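Asks: Input entry.cif, format and content: mmCIF, C-alpha atoms.
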data_query
#
loop_
_atom_site.group_PDB
_atom_site.id
_atom_site.type_symbol
_atom_site.label_atom_id
_atom_site.label_comp_id
_atom_site.auth_asym_id
_atom_site.auth_seq_id
_atom_site.Cartn_x
_atom_site.Cartn_y
_atom_site.Cartn_z
ATOM 1 C CA MET A 18 36.075 16.784 -4.693
ATOM 2 C CA LYS A 19 36.291 15.927 -8.358
ATOM 3 C CA SER A 20 33.568 16.669 -10.847
ATOM 4 C CA HIS A 21 33.151 16.729 -14.590
ATOM 5 C CA TYR A 22 31.102 18.847 -16.926
ATOM 6 C CA LEU A 23 28.764 16.840 -19.102
ATOM 7 C CA ASP A 24 26.872 18.450 -21.937
ATOM 8 C CA ALA A 25 23.443 17.244 -23.096
ATOM 9 C CA GLU A 26 24.894 14.923 -25.732
ATOM 10 C CA GLN A 27 27.200 13.186 -23.248
ATOM 11 C CA THR A 28 24.406 12.920 -20.695
ATOM 12 C CA ASP A 29 22.020 11.425 -23.269
ATOM 13 C CA SER A 30 24.672 8.845 -24.174
ATOM 14 C CA ILE A 31 25.111 7.809 -20.524
ATOM 15 C CA VAL A 32 21.354 7.602 -19.966
ATOM 16 C CA ALA A 33 20.880 5.516 -23.131
ATOM 17 C CA ARG A 34 23.600 3.053 -22.032
ATOM 18 C CA ALA A 35 22.113 2.783 -18.540
ATOM 19 C CA TYR A 36 18.616 2.210 -19.946
ATOM 20 C CA LEU A 37 19.915 -0.483 -22.302
ATOM 21 C CA ALA A 38 21.751 -2.214 -19.435
ATOM 22 C CA ARG A 39 18.574 -2.185 -17.303
ATOM 23 C CA GLN A 40 16.515 -3.412 -20.267
ATOM 24 C CA GLU A 41 18.916 -6.308 -20.909
ATOM 25 C CA ALA A 42 18.855 -7.193 -17.185
ATOM 26 C CA GLY A 43 15.042 -7.131 -17.197
ATOM 27 C CA VAL A 44 14.807 -4.670 -14.321
ATOM 28 C CA ILE A 45 12.903 -1.796 -15.918
ATOM 29 C CA THR A 46 9.781 -0.973 -13.923
ATOM 30 C CA GLY A 47 7.375 1.869 -13.339
ATOM 31 C CA HIS A 48 7.189 4.818 -15.693
ATOM 32 C CA ALA A 49 10.271 3.664 -17.626
ATOM 33 C CA ALA A 50 8.417 0.439 -18.495
ATOM 34 C CA GLY A 51 5.320 2.332 -19.571
ATOM 35 C CA GLU A 52 3.390 1.521 -16.398
ATOM 36 C CA SER A 53 0.905 4.065 -15.116
ATOM 37 C CA ALA A 54 1.999 6.025 -12.070
ATOM 38 C CA VAL A 55 -1.626 6.689 -11.172
ATOM 39 C CA PRO A 56 -2.913 4.109 -8.706
ATOM 40 C CA GLU A 57 -6.201 2.427 -9.473
ATOM 41 C CA GLY A 58 -9.186 2.989 -7.241
ATOM 42 C CA PRO A 59 -10.439 5.962 -5.288
ATOM 43 C CA ASP A 60 -8.159 8.942 -4.705
ATOM 44 C CA LEU A 61 -8.075 10.066 -1.057
ATOM 45 C CA LEU A 62 -7.285 13.669 -1.944
ATOM 46 C CA ASP A 63 -10.242 13.838 -4.347
ATOM 47 C CA ASP A 64 -12.473 12.337 -1.655
ATOM 48 C CA VAL A 65 -11.297 14.871 0.946
ATOM 49 C CA ARG A 66 -11.925 17.688 -1.540
ATOM 50 C CA ALA A 67 -15.432 16.318 -2.115
ATOM 51 C CA VAL A 68 -16.135 16.223 1.632
ATOM 52 C CA PHE A 69 -14.949 19.804 2.104
ATOM 53 C CA GLY A 70 -17.003 20.835 -0.914
ATOM 54 C CA LEU A 71 -20.100 19.361 0.723
ATOM 55 C CA VAL A 72 -19.523 21.366 3.918
ATOM 56 C CA GLY A 73 -18.762 24.614 2.128
ATOM 57 C CA GLY A 74 -15.057 24.538 2.924
ATOM 58 C CA GLN A 75 -15.553 24.859 6.683
ATOM 59 C CA ARG A 76 -12.975 23.331 9.009
ATOM 60 C CA LEU A 77 -13.524 19.776 10.190
ATOM 61 C CA TRP A 78 -11.946 17.756 12.978
ATOM 62 C CA HIS A 79 -10.272 14.557 11.787
ATOM 63 C CA SER A 80 -13.036 12.566 13.497
ATOM 64 C CA GLU A 81 -15.754 14.346 11.512
ATOM 65 C CA LEU A 82 -13.762 14.105 8.293
ATOM 66 C CA LEU A 83 -13.441 10.372 8.894
ATOM 67 C CA VAL A 84 -17.202 9.974 9.429
ATOM 68 C CA ARG A 85 -17.868 11.747 6.154
ATOM 69 C CA LEU A 86 -15.228 9.732 4.290
ATOM 70 C CA VAL A 87 -16.828 6.520 5.564
ATOM 71 C CA GLU A 88 -20.201 7.789 4.311
ATOM 72 C CA LEU A 89 -18.631 8.547 0.931
ATOM 73 C CA ARG A 90 -16.601 5.297 0.597
ATOM 74 C CA PRO A 91 -17.825 2.736 3.151
ATOM 75 C CA VAL A 92 -15.894 -0.184 1.631
ATOM 76 C CA THR A 93 -12.591 1.696 1.470
ATOM 77 C CA CYS A 94 -12.722 3.715 4.692
ATOM 78 C CA SER A 95 -14.864 1.726 7.131
ATOM 79 C CA ASP A 96 -11.899 0.138 8.949
ATOM 80 C CA TRP A 97 -10.014 3.429 9.359
ATOM 81 C CA ASP A 98 -9.612 5.175 12.686
ATOM 82 C CA VAL A 99 -9.009 8.845 13.485
ATOM 83 C CA ARG A 100 -5.243 8.371 13.805
ATOM 84 C CA LEU A 101 -5.066 6.799 10.347
ATOM 85 C CA ALA A 102 -7.190 9.570 8.804
ATOM 86 C CA GLY A 103 -5.145 12.282 10.526
ATOM 87 C CA GLY A 104 -1.853 10.606 9.677
ATOM 88 C CA GLY A 105 -2.876 10.307 6.042
ATOM 89 C CA ALA A 106 -3.773 13.983 5.955
ATOM 90 C CA ALA A 107 -0.512 14.972 7.641
ATOM 91 C CA GLY A 108 1.429 12.792 5.222
ATOM 92 C CA ALA A 109 -0.201 14.700 2.367
ATOM 93 C CA GLY A 110 1.024 17.992 3.840
ATOM 94 C CA CYS A 111 -2.211 18.999 5.602
ATOM 95 C CA SER A 112 -1.879 20.589 9.002
ATOM 96 C CA ASP A 113 -4.373 20.412 11.850
ATOM 97 C CA ARG A 114 -3.207 23.770 13.171
ATOM 98 C CA PRO A 115 -4.676 27.159 12.235
ATOM 99 C CA GLY A 116 -2.752 28.715 9.391
ATOM 100 C CA GLY A 117 -1.020 25.409 8.608
ATOM 101 C CA ARG A 118 1.834 25.903 11.111
#
Before anything else, please render the file you have as structure tokens.

Replies:
Amino acid sequence: MKSHYLDAEQTDSIVARAYLARQEAGVITGHAAGESAVPEGPDLLDDVRAVFGLVGGQRLWHSELLVRLVELRPVTCSDWDVRLAGGGAAGAGCSDRPGGR
């Protein structure tokens, strides 16, 4: 395997050339183009925190969490099912097992 040591100055030069090439090609998107990384609209994690705040932090089954999310955001969550709510929670790193295992 071959590798090379690059100091900060060399790395900055490479990054600047790559950015310029992307800029000239018109393919800069996302944060590099100054676009916000924060999606517009309700935040599921904030909504879940709100639901758990309303129940004093007690544990909830996905089905009960879903009912409460629908009450909180009927337009956004009304077509969800328990699998979608549970899958979204699991995708965010939440576990449905005691102790998070």

Asks: Figure out the distance between atom CA of A:Val68 and atom CA of A:Val87, please, to one decimal in Å.

Replies: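 For atom CA of A:Val87 relative to atom CA of A:Val68, the distance reads 10.5 Å.
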
Asks: Within 12 Å of A:Gly58, counting only C-alpha atoms, which residues show up once you throw out same-chain ones fewer than 4 positions away? Write them as a list in words, please.

Replies: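 My reading of the contact set: Asp63, Asp64, Arg90, Val92 and Thr93 of chain A.
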
Asks: One decimal, Å: what's the distance from atom CA of A:Val65 over to atom CA of A:His48, could you say?

Replies: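 About the pair atom CA of A:Val65 and atom CA of A:His48: they are 26.8 Å apart.
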
Asks: Please write as a list in words the full residue list that the PyMOL selection byres ((chain A and resi 78-80) around 6) yields on this file.

Replies: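 The output of the PyMOL selection byres ((chain A and resi 78-80) around 6) on this file is Leu77, Glu81, Leu82, Leu83, Val99 and Gly103 of chain A.
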
Asks: Could you state the separation of atom CA of A:Ala33 and atom CA of A:Ile45 in Å, given to one decimal place?

Replies: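 Going from atom CA of A:Ala33 over to atom CA of A:Ile45 covers 13.0 Å.
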
Asks: So, counting all atoms listed in the file, which residue among A:Asp98, A:Glu41, A:Glu52, A:Glu26 is closest to A:Leu86?

Replies: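 That would be A:Asp98, the residue with the smallest distance to A:Leu86.
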